[in-house]
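Source file: start.pdb (PDB, C-alpha atoms and all ligand atoms)
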```
ATOM      1  CA  MET A 787      12.188  16.179   1.356  1.00  0.00           C
ATOM      2  CA  MET A 788       9.647  18.675   2.593  1.00  0.00           C
ATOM      3  CA  PRO A 789       8.880  18.184   6.302  1.00  0.00           C
ATOM      4  CA  ALA A 790       5.394  16.853   6.991  1.00  0.00           C
ATOM      5  CA  GLY A 791       2.848  19.626   7.291  1.00  0.00           C
ATOM      6  CA  ARG A 792       4.671  22.083   4.994  1.00  0.00           C
ATOM      7  CA  LEU A 793       3.619  22.131   1.385  1.00  0.00           C
ATOM      8  CA  SER A 794       5.735  23.338  -1.467  1.00  0.00           C
ATOM      9  CA  ASP A 795       4.021  25.487  -4.107  1.00  0.00           C
ATOM     10  CA  ARG A 796       4.237  22.501  -6.429  1.00  0.00           C
ATOM     11  CA  GLN A 797       2.473  20.233  -3.961  1.00  0.00           C
ATOM     12  CA  VAL A 798      -0.228  22.839  -3.414  1.00  0.00           C
ATOM     13  CA  SER A 799      -0.781  23.062  -7.141  1.00  0.00           C
ATOM     14  CA  VAL A 800      -0.869  19.247  -7.490  1.00  0.00           C
ATOM     15  CA  LEU A 801      -3.533  19.094  -4.794  1.00  0.00           C
ATOM     16  CA  HIS A 802      -5.449  21.914  -6.417  1.00  0.00           C
ATOM     17  CA  GLU A 803      -5.312  20.266  -9.856  1.00  0.00           C
ATOM     18  CA  LEU A 804      -6.747  17.165  -8.259  1.00  0.00           C
ATOM     19  CA  GLY A 805      -9.676  19.166  -6.998  1.00  0.00           C
ATOM     20  CA  ILE A 806      -8.710  18.104  -3.516  1.00  0.00           C
ATOM     21  CA  ASP A 807      -8.254  21.369  -1.729  1.00  0.00           C
ATOM     22  CA  LEU A 808      -9.586  19.374   1.181  1.00  0.00           C
ATOM     23  CA  TRP A 809      -6.166  17.778   1.361  1.00  0.00           C
ATOM     24  CA  GLN A 810      -4.676  21.105   2.330  1.00  0.00           C
ATOM     25  CA  LEU A 811      -5.225  20.945   6.013  1.00  0.00           C
ATOM     26  CA  ARG A 812      -5.839  24.203   7.717  1.00  0.00           C
ATOM     27  CA  GLU A 813      -2.844  25.340   9.745  1.00  0.00           C
ATOM     28  CA  ASN A 814      -4.422  24.354  13.064  1.00  0.00           C
ATOM     29  CA  GLU A 815      -5.364  20.887  11.749  1.00  0.00           C
ATOM     30  CA  ARG A 816      -1.919  19.903  10.601  1.00  0.00           C
ATOM     31  CA  PRO A 817      -0.304  17.195  12.630  1.00  0.00           C
ATOM     32  CA  THR A 818       2.532  18.621  14.649  1.00  0.00           C
ATOM     33  CA  ALA A 819       5.709  16.789  15.465  1.00  0.00           C
ATOM     34  CA  SER A 820       4.427  16.167  18.989  1.00  0.00           C
ATOM     35  CA  ASP A 821       1.089  14.838  17.683  1.00  0.00           C
ATOM     36  CA  GLN A 822       3.061  12.413  15.592  1.00  0.00           C
ATOM     37  CA  SER A 823       5.337  11.264  18.348  1.00  0.00           C
ATOM     38  CA  ASP A 824       2.323  10.730  20.581  1.00  0.00           C
ATOM     39  CA  THR A 825       0.845   8.619  17.864  1.00  0.00           C
ATOM     40  CA  MET A 826       4.054   6.672  17.548  1.00  0.00           C
ATOM     41  CA  SER A 827       4.297   6.083  21.254  1.00  0.00           C
ATOM     42  CA  GLN A 828       0.713   4.846  21.373  1.00  0.00           C
ATOM     43  CA  ALA A 829       1.295   2.547  18.449  1.00  0.00           C
ATOM     44  CA  PRO A 830       0.346  -1.026  19.150  1.00  0.00           C
ATOM     45  CA  ALA A 831       3.094  -3.569  19.564  1.00  0.00           C
ATOM     46  CA  ALA A 832       4.599  -4.679  16.307  1.00  0.00           C
ATOM     47  CA  ALA A 833       2.147  -6.601  14.248  1.00  0.00           C
ATOM     48  CA  THR A 834       3.566  -9.732  12.762  1.00  0.00           C
ATOM     49  CA  LEU A 835       2.556 -10.166   9.188  1.00  0.00           C
ATOM     50  CA  GLY A 836       1.486 -13.455   7.926  1.00  0.00           C
ATOM     51  CA  ARG A 837       1.537 -15.711  10.925  1.00  0.00           C
ATOM     52  CA  GLY A 838      -1.078 -17.541   8.922  1.00  0.00           C
ATOM     53  CA  ALA A 839       1.310 -17.642   6.016  1.00  0.00           C
ATOM     54  CA  GLU A 840       4.163 -19.249   7.939  1.00  0.00           C
ATOM     55  CA  ILE A 841       2.877 -22.527   6.770  1.00  0.00           C
ATOM     56  CA  SER A 842       4.917 -25.653   6.310  1.00  0.00           C
ATOM     57  CA  ASN A 843       2.732 -26.872   3.455  1.00  0.00           C
ATOM     58  CA  PRO A 844       4.944 -26.663   0.336  1.00  0.00           C
ATOM     59  CA  GLU A 845       1.952 -25.375  -1.638  1.00  0.00           C
ATOM     60  CA  THR A 846       2.026 -22.200   0.398  1.00  0.00           C
ATOM     61  CA  ALA A 847       5.643 -22.095   1.508  1.00  0.00           C
ATOM     62  CA  ARG A 848       7.426 -18.779   1.137  1.00  0.00           C
ATOM     63  CA  PRO A 849       9.466 -18.743  -2.054  1.00  0.00           C
ATOM     64  CA  ASP A 850      13.194 -18.208  -1.757  1.00  0.00           C
ATOM     65  CA  GLY A 851      15.314 -16.537  -4.351  1.00  0.00           C
ATOM     66  CA  ASP A 852      15.817 -13.183  -5.957  1.00  0.00           C
ATOM     67  CA  TRP A 853      13.293 -10.880  -7.595  1.00  0.00           C
ATOM     68  CA  GLU A 854      13.353 -12.730 -10.881  1.00  0.00           C
ATOM     69  CA  THR A 855      12.816 -16.097  -9.218  1.00  0.00           C
ATOM     70  CA  VAL A 856       9.938 -14.819  -7.120  1.00  0.00           C
ATOM     71  CA  HIS A 857       8.268 -12.988  -9.988  1.00  0.00           C
ATOM     72  CA  ASN A 858       8.584 -16.064 -12.213  1.00  0.00           C
ATOM     73  CA  ALA A 859       6.988 -18.104  -9.448  1.00  0.00           C
ATOM     74  CA  ILE A 860       4.137 -15.580  -9.283  1.00  0.00           C
ATOM     75  CA  ARG A 861       3.661 -15.588 -13.060  1.00  0.00           C
ATOM     76  CA  ASN A 862       3.420 -19.378 -13.100  1.00  0.00           C
ATOM     77  CA  CYS A 863       1.477 -19.731  -9.871  1.00  0.00           C
ATOM     78  CA  THR A 864      -1.432 -22.170  -9.743  1.00  0.00           C
ATOM     79  CA  ARG A 865      -1.841 -22.237  -5.955  1.00  0.00           C
ATOM     80  CA  CYS A 866      -5.445 -21.078  -6.082  1.00  0.00           C
ATOM     81  CA  ALA A 867      -8.282 -21.067  -8.583  1.00  0.00           C
ATOM     82  CA  LEU A 868      -7.691 -17.433  -9.552  1.00  0.00           C
ATOM     83  CA  HIS A 869      -5.076 -18.611 -12.042  1.00  0.00           C
ATOM     84  CA  GLU A 870      -7.916 -20.097 -14.096  1.00  0.00           C
ATOM     85  CA  THR A 871      -9.631 -16.753 -14.634  1.00  0.00           C
ATOM     86  CA  ARG A 872      -6.700 -14.327 -14.740  1.00  0.00           C
ATOM     87  CA  THR A 873      -5.275 -12.922 -17.957  1.00  0.00           C
ATOM     88  CA  GLN A 874      -1.928 -12.724 -16.216  1.00  0.00           C
ATOM     89  CA  ALA A 875      -0.549 -12.480 -12.713  1.00  0.00           C
ATOM     90  CA  VAL A 876       0.448  -8.995 -11.568  1.00  0.00           C
ATOM     91  CA  CYS A 877       3.723  -9.286  -9.696  1.00  0.00           C
ATOM     92  CA  GLY A 878       4.332  -5.705  -8.677  1.00  0.00           C
ATOM     93  CA  ILE A 879       6.285  -2.858 -10.174  1.00  0.00           C
ATOM     94  CA  GLY A 880       8.773  -0.193  -9.305  1.00  0.00           C
ATOM     95  CA  ASN A 881      12.203   0.390  -8.006  1.00  0.00           C
ATOM     96  CA  THR A 882      13.544  -2.705  -6.289  1.00  0.00           C
ATOM     97  CA  ARG A 883      15.697  -0.411  -4.148  1.00  0.00           C
ATOM     98  CA  ALA A 884      12.793   1.804  -3.174  1.00  0.00           C
ATOM     99  CA  GLU A 885      12.450   3.072   0.373  1.00  0.00           C
ATOM    100  CA  TRP A 886       8.665   3.125   0.005  1.00  0.00           C
ATOM    101  CA  LEU A 887       6.484   0.093  -0.528  1.00  0.00           C
ATOM    102  CA  ILE A 888       2.829   0.638  -1.408  1.00  0.00           C
ATOM    103  CA  VAL A 889       0.586  -2.360  -0.789  1.00  0.00           C
ATOM    104  CA  GLY A 890      -2.875  -2.634  -2.332  1.00  0.00           C
ATOM    105  CA  GLU A 891      -5.503  -5.329  -2.417  1.00  0.00           C
ATOM    106  CA  ALA A 892      -5.626  -7.108  -5.762  1.00  0.00           C
ATOM    107  CA  PRO A 893      -5.496  -6.373  -9.472  1.00  0.00           C
ATOM    108  CA  GLY A 894      -8.668  -5.100 -11.122  1.00  0.00           C
ATOM    109  CA  ALA A 895      -9.658  -5.454 -14.764  1.00  0.00           C
ATOM    110  CA  ASP A 896      -7.133  -2.885 -16.064  1.00  0.00           C
ATOM    111  CA  GLU A 897      -4.302  -4.375 -14.038  1.00  0.00           C
ATOM    112  CA  ASP A 898      -5.189  -7.902 -15.130  1.00  0.00           C
ATOM    113  CA  ARG A 899      -5.053  -6.742 -18.752  1.00  0.00           C
ATOM    114  CA  GLN A 900      -1.838  -4.718 -18.479  1.00  0.00           C
ATOM    115  CA  GLY A 901       0.055  -6.819 -15.949  1.00  0.00           C
ATOM    116  CA  GLU A 902       0.843  -3.844 -13.730  1.00  0.00           C
ATOM    117  CA  PRO A 903      -0.690  -2.800 -10.402  1.00  0.00           C
ATOM    118  CA  PHE A 904      -2.710   0.399 -10.038  1.00  0.00           C
ATOM    119  CA  VAL A 905      -3.010   1.433 -13.672  1.00  0.00           C
ATOM    120  CA  GLY A 906      -6.753   2.208 -13.684  1.00  0.00           C
ATOM    121  CA  ARG A 907      -8.549   5.226 -12.225  1.00  0.00           C
ATOM    122  CA  ALA A 908      -7.569   4.273  -8.676  1.00  0.00           C
ATOM    123  CA  GLY A 909      -3.992   4.033  -9.893  1.00  0.00           C
ATOM    124  CA  GLN A 910      -4.135   7.535 -11.304  1.00  0.00           C
ATOM    125  CA  LEU A 911      -5.297   8.837  -7.953  1.00  0.00           C
ATOM    126  CA  LEU A 912      -2.575   6.822  -6.217  1.00  0.00           C
ATOM    127  CA  ASN A 913      -0.006   8.446  -8.517  1.00  0.00           C
ATOM    128  CA  GLU A 914      -1.360  11.873  -7.582  1.00  0.00           C
ATOM    129  CA  MET A 915      -1.287  11.015  -3.895  1.00  0.00           C
ATOM    130  CA  LEU A 916       2.346  10.015  -4.253  1.00  0.00           C
ATOM    131  CA  ARG A 917       3.097  13.151  -6.251  1.00  0.00           C
ATOM    132  CA  ALA A 918       1.542  15.244  -3.482  1.00  0.00           C
ATOM    133  CA  ILE A 919       4.200  13.948  -1.089  1.00  0.00           C
ATOM    134  CA  GLY A 920       6.980  14.433  -3.580  1.00  0.00           C
ATOM    135  CA  LEU A 921       7.247  10.897  -4.928  1.00  0.00           C
ATOM    136  CA  ARG A 922       7.092   9.658  -8.477  1.00  0.00           C
ATOM    137  CA  ARG A 923       5.632   6.248  -9.143  1.00  0.00           C
ATOM    138  CA  GLU A 924       9.032   5.072 -10.387  1.00  0.00           C
ATOM    139  CA  GLN A 925      10.589   5.863  -7.013  1.00  0.00           C
ATOM    140  CA  VAL A 926       8.438   3.444  -5.039  1.00  0.00           C
ATOM    141  CA  PHE A 927       7.588  -0.230  -5.289  1.00  0.00           C
ATOM    142  CA  ILE A 928       3.910  -1.106  -5.689  1.00  0.00           C
ATOM    143  CA  ALA A 929       2.508  -4.556  -4.964  1.00  0.00           C
ATOM    144  CA  ASN A 930      -0.782  -6.156  -4.023  1.00  0.00           C
ATOM    145  CA  VAL A 931      -1.740  -8.736  -1.441  1.00  0.00           C
ATOM    146  CA  LEU A 932      -3.259 -10.854  -4.209  1.00  0.00           C
ATOM    147  CA  LYS A 933      -1.354 -11.190  -7.434  1.00  0.00           C
ATOM    148  CA  CYS A 934      -4.332 -12.341  -9.516  1.00  0.00           C
ATOM    149  CA  ARG A 935      -7.642 -10.626 -10.153  1.00  0.00           C
ATOM    150  CA  PRO A 936     -10.659 -11.959  -8.270  1.00  0.00           C
ATOM    151  CA  PRO A 937     -13.491 -12.340 -10.807  1.00  0.00           C
ATOM    152  CA  ASN A 938     -15.889  -9.373 -10.915  1.00  0.00           C
ATOM    153  CA  ASN A 939     -13.620  -7.590  -8.435  1.00  0.00           C
ATOM    154  CA  ARG A 940     -15.069  -9.506  -5.524  1.00  0.00           C
ATOM    155  CA  ASP A 941     -13.224  -9.420  -2.199  1.00  0.00           C
ATOM    156  CA  PRO A 942     -10.295 -11.807  -1.920  1.00  0.00           C
ATOM    157  CA  GLN A 943     -11.135 -14.978  -0.034  1.00  0.00           C
ATOM    158  CA  PRO A 944      -9.121 -15.905   3.083  1.00  0.00           C
ATOM    159  CA  ALA A 945      -7.721 -19.051   1.420  1.00  0.00           C
ATOM    160  CA  GLU A 946      -6.558 -17.022  -1.596  1.00  0.00           C
ATOM    161  CA  ILE A 947      -4.868 -14.530   0.706  1.00  0.00           C
ATOM    162  CA  ALA A 948      -3.164 -17.305   2.682  1.00  0.00           C
ATOM    163  CA  GLN A 949      -1.855 -18.904  -0.495  1.00  0.00           C
ATOM    164  CA  CYS A 950      -0.659 -15.649  -2.032  1.00  0.00           C
ATOM    165  CA  GLN A 951       0.747 -13.963   1.049  1.00  0.00           C
ATOM    166  CA  PRO A 952       4.158 -15.676   0.950  1.00  0.00           C
ATOM    167  CA  TYR A 953       4.896 -13.827  -2.299  1.00  0.00           C
ATOM    168  CA  LEU A 954       4.334 -10.451  -0.681  1.00  0.00           C
ATOM    169  CA  GLN A 955       6.381 -11.547   2.307  1.00  0.00           C
ATOM    170  CA  ARG A 956       9.299 -12.420   0.076  1.00  0.00           C
ATOM    171  CA  GLN A 957       8.952  -9.141  -1.829  1.00  0.00           C
ATOM    172  CA  ILE A 958       9.150  -7.262   1.473  1.00  0.00           C
ATOM    173  CA  GLU A 959      12.208  -9.271   2.527  1.00  0.00           C
ATOM    174  CA  LEU A 960      13.936  -8.487  -0.753  1.00  0.00           C
ATOM    175  CA  LEU A 961      12.986  -4.817  -0.822  1.00  0.00           C
ATOM    176  CA  GLN A 962      13.639  -3.990   2.831  1.00  0.00           C
ATOM    177  CA  PRO A 963      11.590  -0.795   2.565  1.00  0.00           C
ATOM    178  CA  LYS A 964      11.852   1.984   5.121  1.00  0.00           C
ATOM    179  CA  VAL A 965       8.092   2.567   5.151  1.00  0.00           C
ATOM    180  CA  ILE A 966       5.140   0.474   4.022  1.00  0.00           C
ATOM    181  CA  LEU A 967       2.047   2.448   3.015  1.00  0.00           C
ATOM    182  CA  VAL A 968      -0.940   0.131   2.985  1.00  0.00           C
ATOM    183  CA  VAL A 969      -4.012   1.247   1.058  1.00  0.00           C
ATOM    184  CA  GLY A 970      -7.421  -0.121   1.884  1.00  0.00           C
ATOM    185  CA  ARG A 971      -9.083  -2.330   4.432  1.00  0.00           C
ATOM    186  CA  ILE A 972      -8.258  -5.743   2.983  1.00  0.00           C
ATOM    187  CA  ALA A 973      -4.571  -5.028   2.579  1.00  0.00           C
ATOM    188  CA  ALA A 974      -4.385  -3.444   6.034  1.00  0.00           C
ATOM    189  CA  GLN A 975      -6.182  -6.308   7.735  1.00  0.00           C
ATOM    190  CA  THR A 976      -3.983  -8.829   5.945  1.00  0.00           C
ATOM    191  CA  LEU A 977      -0.724  -7.131   6.720  1.00  0.00           C
ATOM    192  CA  LEU A 978      -1.560  -6.360  10.325  1.00  0.00           C
ATOM    193  CA  GLN A 979      -3.463  -9.589  10.991  1.00  0.00           C
ATOM    194  CA  VAL A 980      -6.417  -7.786  12.519  1.00  0.00           C
ATOM    195  CA  ASP A 981     -10.033  -7.398  11.512  1.00  0.00           C
ATOM    196  CA  LYS A 982     -10.799  -3.841  12.579  1.00  0.00           C
ATOM    197  CA  PRO A 983     -12.354  -1.422  10.087  1.00  0.00           C
ATOM    198  CA  LEU A 984      -9.956   0.857   8.285  1.00  0.00           C
ATOM    199  CA  GLY A 985     -11.235   3.954  10.061  1.00  0.00           C
ATOM    200  CA  GLN A 986      -9.973   2.448  13.316  1.00  0.00           C
ATOM    201  CA  LEU A 987      -6.657   1.326  11.876  1.00  0.00           C
ATOM    202  CA  ARG A 988      -5.547   4.543  10.203  1.00  0.00           C
ATOM    203  CA  GLY A 989      -3.873   7.403  12.027  1.00  0.00           C
ATOM    204  CA  GLN A 990      -1.205   5.400  13.803  1.00  0.00           C
ATOM    205  CA  THR A 991       1.971   3.575  13.003  1.00  0.00           C
ATOM    206  CA  TYR A 992       2.436  -0.173  13.112  1.00  0.00           C
ATOM    207  CA  GLU A 993       5.401  -2.362  12.479  1.00  0.00           C
ATOM    208  CA  TYR A 994       5.962  -5.325  10.253  1.00  0.00           C
ATOM    209  CA  ARG A 995       9.225  -7.094  11.051  1.00  0.00           C
ATOM    210  CA  GLY A 996      10.851  -3.853  12.062  1.00  0.00           C
ATOM    211  CA  VAL A 997       9.450  -1.857   9.129  1.00  0.00           C
ATOM    212  CA  PRO A 998       7.015   0.963  10.008  1.00  0.00           C
ATOM    213  CA  VAL A 999       3.574   0.543   8.457  1.00  0.00           C
ATOM    214  CA  VAL A1000       1.089   3.365   7.823  1.00  0.00           C
ATOM    215  CA  VAL A1001      -2.438   2.611   6.719  1.00  0.00           C
ATOM    216  CA  THR A1002      -4.720   4.772   4.611  1.00  0.00           C
ATOM    217  CA  TYR A1003      -7.881   4.613   2.544  1.00  0.00           C
ATOM    218  CA  HIS A1004      -7.865   2.849  -0.801  1.00  0.00           C
ATOM    219  CA  PRO A1005      -7.787   5.327  -3.708  1.00  0.00           C
ATOM    220  CA  ALA A1006     -10.856   3.617  -5.237  1.00  0.00           C
ATOM    221  CA  TYR A1007     -12.725   4.413  -2.014  1.00  0.00           C
ATOM    222  CA  LEU A1008     -11.459   7.994  -2.106  1.00  0.00           C
ATOM    223  CA  LEU A1009     -12.776   8.356  -5.652  1.00  0.00           C
ATOM    224  CA  ARG A1010     -16.225   7.521  -4.297  1.00  0.00           C
ATOM    225  CA  THR A1011     -15.906   9.292  -0.956  1.00  0.00           C
ATOM    226  CA  SER A1012     -14.007  12.500  -1.412  1.00  0.00           C
ATOM    227  CA  SER A1013     -14.975  13.618   2.093  1.00  0.00           C
ATOM    228  CA  GLN A1014     -12.287  11.235   3.396  1.00  0.00           C
ATOM    229  CA  LYS A1015      -9.480  12.787   1.358  1.00  0.00           C
ATOM    230  CA  ALA A1016      -8.467  15.053   4.213  1.00  0.00           C
ATOM    231  CA  LYS A1017      -7.874  11.986   6.372  1.00  0.00           C
ATOM    232  CA  ALA A1018      -5.907  10.309   3.601  1.00  0.00           C
ATOM    233  CA  TRP A1019      -3.768  13.407   3.370  1.00  0.00           C
ATOM    234  CA  GLU A1020      -3.112  13.244   7.123  1.00  0.00           C
ATOM    235  CA  ASP A1021      -2.052   9.618   6.672  1.00  0.00           C
ATOM    236  CA  LEU A1022       0.353  10.593   3.906  1.00  0.00           C
ATOM    237  CA  LEU A1023       1.846  13.245   6.143  1.00  0.00           C
ATOM    238  CA  LEU A1024       2.205  10.672   8.886  1.00  0.00           C
ATOM    239  CA  ALA A1025       4.021   8.357   6.482  1.00  0.00           C
ATOM    240  CA  LEU A1026       6.319  11.211   5.452  1.00  0.00           C
ATOM    241  CA  ASP A1027       7.019  11.947   9.069  1.00  0.00           C
ATOM    242  CA  VAL A1028       7.777   8.293   9.793  1.00  0.00           C
ATOM    243  CA  MET A1029      10.151   8.237   6.842  1.00  0.00           C
ATOM    244  CA  ALA A1030      11.868  11.394   8.047  1.00  0.00           C
ATOM    245  CA  LYS A1031      12.481   9.703  11.403  1.00  0.00           C
ATOM    246  CA  THR A1032      14.028   6.622   9.825  1.00  0.00           C
ATOM    247  CA  THR A1033      16.688   8.534   7.912  1.00  0.00           C
TER
HETATM  248  N1  LIG A1101      -6.739  -1.845  -6.580  1.00  0.00           N
HETATM  249  C1  LIG A1101      -5.757  -2.485  -5.908  1.00  0.00           C
HETATM  250  O1  LIG A1101      -5.844  -2.682  -4.711  1.00  0.00           O
HETATM  251  N2  LIG A1101      -4.682  -2.847  -6.588  1.00  0.00           N
HETATM  252  C2  LIG A1101      -4.532  -2.617  -7.894  1.00  0.00           C
HETATM  253  O2  LIG A1101      -3.510  -2.992  -8.446  1.00  0.00           O
HETATM  254  C3  LIG A1101      -5.568  -1.960  -8.577  1.00  0.00           C
HETATM  255  C4  LIG A1101      -6.668  -1.577  -7.902  1.00  0.00           C
END
```
Mind turning the file's structure into structure tokens?
Amino acid sequence: MMPAGRLSDRQVSVLHELGIDLWQLRENERPTASDQSDTMSQAPAAATLGRGAEISNPETARPDGDWETVHNAIRNCTRCALHETRTQAVCGIGNTRAEWLIVGEAPGADEDRQGEPFVGRAGQLLNEMLRAIGLRREQVFIANVLKCRPPNNRDPQPAEIAQCQPYLQRQIELLQPKVILVVGRIAAQTLLQVDKPLGQLRGQTYEYRGVPVVVTYHPAYLLRTSSQKAKAWEDLLLALDVMAKTT
């Protein structure tokens, strides 16, 4: 894989096609290896995901079992009221041996209809972001904090997150990814159990049960706010760098 900060011609052309020349950091803006290690050394102590989800209530207990068992449990889940309005639950998709896990917020209308995360416009941008760092969608695993669509795309409620979080926890246990890339404020706050804004969370590395976590902007936000694409690109480079250090 291309070291962080060096772009292949293909990556440059992917970025250009996207109309995101902004993502090509100028030479003097690129994170250097020492910038990255500084960031790593300043990283906060490991965040423990889902303290709130370590709940003894059987309604919210973490499911055991393999992928099929967990995904069947998700498909049939009635833990919260979202099951009444969903078309279908969206378990997650990708390579169950992937080294990369991408975690988003919740299915939107397209995902609810198709049963797959990140298939709408935000999903297309996510695919391009992955392509820019040399990854195809099929090479990663993509999941959301919430498995069912909140009506009218409203923010997930804390109780819905608490009830759904054990599914993501089990998916992480089964996958054992080398890096978790978290997109968007809600997913980042949930995974890291903090309530800081995303702008304060990005740019450093966290840990979830020994797995490095990198946070970046949600692709839907980037579609609206292209001025932040340069920062998202820095985050992707950070994630690449973290991955390079784990292998
Ligand atoms: N936004 C998300 O966070 N997840 C999806 O699956 C789709 C849009």
Point-to-point distance from atom C3 of ligand LIG 1101 (chain A) to CA of Val889 (chain A), Å rounded to tenths: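 Interatomic distance here is 9.9 Å.
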So which residues are near ligand LIG 1101 (chain A), meaning at most 6 Å away with all atoms listed in the file counted, given back as a ChimeraX atom specification? /A:890-894,897,903-904,908,930
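Closest approach to Val926 (chain A) from the set A:Thr873, A:Asn881, A:Gln943, A:Thr1002 is made by A:Asn881, with distances taken over all atoms listed in the file.
As for CA of Ala973 (chain A) and CA of Thr1033 (chain A), they are spaced 25.8 Å apart.
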Convert the output of the PyMOL selection byres (((chain A and resi 888) around 8) and not hetatm) on the shown file into explicit residues, formatted as an mmCIF file with C-alpha atoms, keeping the file's coordinate frame.
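Final file, out12.cif:
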```cif
data_model
loop_
_atom_site.group_PDB
_atom_site.id
_atom_site.type_symbol
_atom_site.label_atom_id
_atom_site.label_comp_id
_atom_site.auth_asym_id
_atom_site.auth_seq_id
_atom_site.Cartn_x
_atom_site.Cartn_y
_atom_site.Cartn_z
ATOM 1 C CA TRP A 886 8.665 3.125 0.005
ATOM 2 C CA LEU A 887 6.484 0.093 -0.528
ATOM 3 C CA VAL A 889 0.586 -2.360 -0.789
ATOM 4 C CA GLY A 890 -2.875 -2.634 -2.332
ATOM 5 C CA VAL A 926 8.438 3.444 -5.039
ATOM 6 C CA PHE A 927 7.588 -0.230 -5.289
ATOM 7 C CA ILE A 928 3.910 -1.106 -5.689
ATOM 8 C CA ALA A 929 2.508 -4.556 -4.964
ATOM 9 C CA ILE A 966 5.140 0.474 4.022
ATOM 10 C CA LEU A 967 2.047 2.448 3.015
ATOM 11 C CA VAL A 968 -0.940 0.131 2.985
ATOM 12 C CA VAL A 969 -4.012 1.247 1.058
#
```
Selected by the PyMOL selection byres (((chain A and resi 975) around 12) and not hetatm) in the shown coordinates: which residues, as a PyMOL selection string? chain A and resi 833-836+889-891+931+942+944+947+968-974+976-988+992+999+1001-1002
